[in-house]
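Here's the structure we're looking at; comments come further down.
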Amino acid sequence: MEDNYKKTEKENKPGKKGKFSIPNKPKFNIYWVYGILALVFIGLQFTGSKSFKEADKTVTWSQLAKMIGKRDVEKITIVNKESAEIYIKKESIANDTTYKNIKPEGFSSTFTGETFYIYKFITLESFQNDLKDVQNQLIAKDTINKSDFEKQQILSKDPIPVYSENRRDWGSEIFGFIWPFLILIVLWIVFMRMMGKGGSGGGQIFNIGKSKAQLFDKDTSVSINFHDVAGLEEAKTEIIEIVDFLKNPTKYTELGGKIPKGALLVGPPGTGKTLLAKAVAGEAKVPFFSISGSDFVEMFVGVGASRVRDLFKQAKEKAPCIIFIDEIDAIGRARGKNAVTGGNDERENTLNQLLTEMDGFATNAGVIILAATNRADILDKALMRAGRFDRQIYVELPDLEERKAIFVVHMRNLKFDTTVMVEFLAKQTPGFSGADIANVCNESALIAARKGKKIIEKQDFLDAIDRIVGGLEKRNKIISLDEKKVIAFHEAGHASISWLLEHAHPLVKVTIVPRGKALGAAWYLPEERQITTTDQMLDEITAALGGRAAEFVAFNRVSTGALNDLEKVTKQAYAMVAYFGLNDKVGNVSYYDSTGQQEYSFSKPFSEKTAELIDSEISKLIETAYQRAIKLLQENREKLNSLAKVLIEKEVIFREDLETIFGKRPFDKDKDMDMLYRNGNTVTIDGKTVNEKENVPALSENKSKEEKS
């Protein structure tokens with residue numbers, strides 16, 4: 001019984017939603033005062049002096065003349081030279097039913113017994129003349145058959161006395177005086193709210209310097225934890241140590257260790273930096289402030305520095321806690337690089353304040369800074385030093401094993417066929433980030449639903465990869481037969497060269513169906529390597545020029561379809577000569593600037609003579625690769641023609657079509673993957689049964705290679 005009572009009492013606590021819950025009391029708001037004042041002034045408008053009140057009836061002149069003729073009018077009062085109040089005699093009200101529906105004067109509780117009509121005249125002079133004529137008629141009637149003395153008595157006074165009054169409605173006058181000021185105040189408040197929208201305390205002008213950080217604590221906890229972050233084991237190891245330090249500080253302080261002041265997450269877009277910060281917020285169980293770098297910068301001077309001070313003030317009050325600044329490069333860019341504003345820049349003032357708060361004269365005991373960026377090369381050196389960001393955690397693109405783990409996380413809620421293998425999908429997505437993999441899983445579900453399926457099949461995942469890499473197929477795009485033939489030979493040239501060269505990425509799928517902005521595209525299975533040799537880069541450049549070389553061999557002319565290829569090989573050749581030191585004449589020098597400072601410089605790090613040499617060597621390197629591609633295609637002209645013919649007929653060809661024409665590729669090192677892409681029955685690979693009937697498109701190192709024709 002006692003337990004039940006406690007349970008019921010707990011359910012009935014204020015603010016708890018339950019069967020017998022008591023609603024929370026509304027909090028006081030200053031706008032209530034404004035509303036009450038407005039109601040008071042409006043009430044004064046209607047409950048003021050009787051001169052501005054309407055009587056029960058407004059009469060016309062003919063009705064008024066009739067009342068006067070019947071001698072029912074006791075008196076007439078002209079109010080403010082605007083209207084006349086017609087007062088009726090009490091005995092007339094009692095004897096004549098016409099006046100029974102007239103209510104007492106005004107709306108006040110005090111009843112004077114007077115009842116009146118209102119006559120609104122156009123001008124006072126016309127009313128006076130008309131009233132004088134009516135009164136003269138009454139006098140004429142009264143003086144008929146009267147003695148001279150009686151006539152003199154009647155003429156000495158008016159039949160109906162007329163009075164004049166000037167009345168003032170103080171409520172209306174005060175309201176009319178204050179009303180313009182109220183409008184200005186409301187407009188000012190609305191304008192200031194719009195200018196400071198999103199700030200703490202309602203975003204008003206007085207709170208514009210307040211921090212916009214969102215606080216996550218025990219009342220607003222984050223449901224994401226480290227189990228939801230897959231493929232970032234090294235990064236999680238360092239982050240988990242910081243979280244463990246907050247939970248069990250004595251474990252480290254007994255050995256003399258100090259808690260890290262800050263950790264900077266660096267990596268390409270979509271690799272999970274913000275997701276890792278969310279997991280920290282869910283695991284740390286301490287107050288977590290989240291804010292974007294752009295939230296500090298405002299149109300007003302000094303607001304950014306003020307918000308930084310306010311943020312750290314709040315953090316110190318809730319220490320130990322964590323501050324997460326997403327996209328810190330918005331305020332952390334290196335100082336003194338803006339030629340227009342120089343050092344007198346609002347963003348630089350904000351950065352100076354941030355540097356002082358992170359590691360200045362005052363201490364920030366128990367406040368840990370987490371930050372994320374994909375532009376670490378442009379950050380200020382003072383921001384990157386130890387004592388501010390003690391750790392720089394690199395979050396790179398996931399490898400094969402990490403992609404498997406990411407697929408497992410994002411496929412939890414998907415209904416997919418049992419034939420779909422996570423390892424297979426991971427091998428088809430080299431170069432994909434975690435965000436790309438999440439997009440693949442979601443797109444596969446949408447594709448399956450679009451086809452009316454109840455379950456996601458293997459082909460739906462492959463179509464999703466093609467959709468993300470190349471865009472939607474445009475089979476309705478009008479392409480002439482001559483253009484289709486040129487596109488087919490162009491793509492066949494890429495496929496042939498990549499098949500014949502040892503270090504070129506082996507081709508898996510070619511299509512001449514327009515997709516996205518490209519009229520044709522090729523998918524490759526790149527080798528995931530950390531370093532690249534000169535021979536490998538030369539083979540890749542030659543394969544990229546295979547499309548233009550095929551056009552020249554087949555038609556003795558070239559088209560504009562190799563724009564994407566030329567852009568790629570030019571950048572790659574420039575990197576070989578100017579960055580990697582892979583050219584004999586230029587030598588073992590590199591003009592690459594890892595600090596990113598060259599983008600602000602108008603001068604090159606080499607002389608004009610060296611620039612001419614670099615241009616000459618780049619041109620020579622590309623021309624050599626182009627002639628090499630032409631020679632290979634001329635030696636295999638019949639096979640090139642056969643492959644182009646098959647491509648025109650099928651529009652999409654796979655690895656096995658190249659094997660039929662060129663024979664087995666002699667350079668394949670991964671025999672298992674070679675068998676996986678062949679058609680036929682199931683085969684055994686490392687003790688596992690694999691279905692070979694599925695045609696599997698793979699992707700290049702940067703997820704795709706699209707040749708525009």
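Letters for chains follow the order of the structure tokens (A, B, ...), residue numbers begin at 1 for each chain, and ligand numbers begin at 1 in the order shown.
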DSSP-assigned alpha helix (DSSP H) among region 447-680 of chain A, expressed as number ranges by chain: A: 447-450, 458-470, 481-500, 534-544, 546-555, 563-574, 608-635, 637-650, 655-662, 671-676
Taking the DSSP secondary structure from the backbone, can you list the residues of region 406-621 of chain A that are strand (DSSP E or B), as number ranges by chain? A: 416, 456, 473, 507-511, 515, 518, 520-524
Would you mind exporting C-alpha atoms of the selected residues as a PDB file, in the first residue's frame?
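Output file again26.pdb is given in full below:
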```pdb
ATOM      1  CA  PHE A 416      17.455  -6.719 -47.277  1.00  0.00           C
ATOM      2  CA  ILE A 456      16.033  -4.772 -50.750  1.00  0.00           C
ATOM      3  CA  GLU A 473      20.325   7.457 -66.204  1.00  0.00           C
ATOM      4  CA  LEU A 507      37.731  -2.069 -65.631  1.00  0.00           C
ATOM      5  CA  VAL A 508      34.531  -3.635 -64.364  1.00  0.00           C
ATOM      6  CA  LYS A 509      31.680  -1.866 -66.152  1.00  0.00           C
ATOM      7  CA  VAL A 510      31.286   0.486 -69.116  1.00  0.00           C
ATOM      8  CA  THR A 511      28.122   2.256 -70.234  1.00  0.00           C
ATOM      9  CA  ARG A 515      24.131   9.546 -66.731  1.00  0.00           C
ATOM     10  CA  ALA A 518      28.307  12.549 -68.739  1.00  0.00           C
ATOM     11  CA  GLY A 520      29.336   7.767 -71.063  1.00  0.00           C
ATOM     12  CA  ALA A 521      31.034   6.406 -67.952  1.00  0.00           C
ATOM     13  CA  ALA A 522      33.397   3.647 -66.855  1.00  0.00           C
ATOM     14  CA  TRP A 523      33.746   1.995 -63.464  1.00  0.00           C
ATOM     15  CA  TYR A 524      37.041   0.588 -62.231  1.00  0.00           C
TER      16      TYR A 524
END
```
Pick from A:Leu525, A:Val162, A:Asp295, A:Ala578, whichever lies nearest to Glu612 (chain A) using only C-alpha atoms: A:Ala578
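Each of A:Val286, A:Leu64, A:Ala305, A:Leu400 was compared to Glu423 (chain A) using only C-alpha atoms, and A:Leu400 turns out to be the nearest.
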For a quick check of understanding, using only C-alpha atoms, which of A:Leu501, A:Ala284, A:Lys517, A:Arg391 has the smallest distance to Asn564 (chain A)?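 Looking at the shortest contact to Asn564 (chain A), the residue is A:Lys517.
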Report the distance between CA of Asp390 (chain A) and CA of Glu241 (chain A) in Å, rounded to one decimal place.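 According to the coordinates, CA of Asp390 (chain A) and CA of Glu241 (chain A) are separated by 13.2 Å.
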Just give me the gap between CA of Cys441 (chain A) and CA of Ile224 (chain A) in Å, one decimal is fine.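 It comes out at 19.3 Å.
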For Ile455 (chain A), the nearest of the candidates A:Leu633, A:Val420, A:Leu566, A:Ala426, counting only C-alpha atoms: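 Ranked by minimum distance to Ile455 (chain A), first place goes to A:Val420.
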Please provide the set of residues having any atom within 10 Å of Ile437 (chain A), restricted to only C-alpha atoms, with same-chain residues fewer than 5 positions apart removed, written as JSON, numbers by chain. {"A": [270, 403, 404, 406, 407, 410, 411, 425, 426, 429, 432, 442, 443, 465, 468]}
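Atom pair CA of Ser594 (chain A) / CA of Leu563 (chain A) has a distance of 28.4 Å (rounded to one decimal).
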Taking only C-alpha atoms into account, which of A:Val134, A:Val308, A:Ile393, A:Ile368 comes nearest Ala235 (chain A)?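 Residue with the minimum atom-to-atom distance to Ala235 (chain A): A:Ile393.
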Give the answer as one residue: which of A:Val190, A:Ala435, A:Ile36, A:Cys321 has the shortest atom-to-atom distance to Ala230 (chain A), using only C-alpha atoms?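 Of all the options, A:Ala435 lies closest to Ala230 (chain A).
The protein and nucleic acid residues lying at most 7 Å from Ile369 (chain A) are Lys261, Gly262, Ala263, Ile322, Ile323 and Phe324 of chain A, with only C-alpha atoms considered and sequence neighbours fewer than 5 positions away removed.
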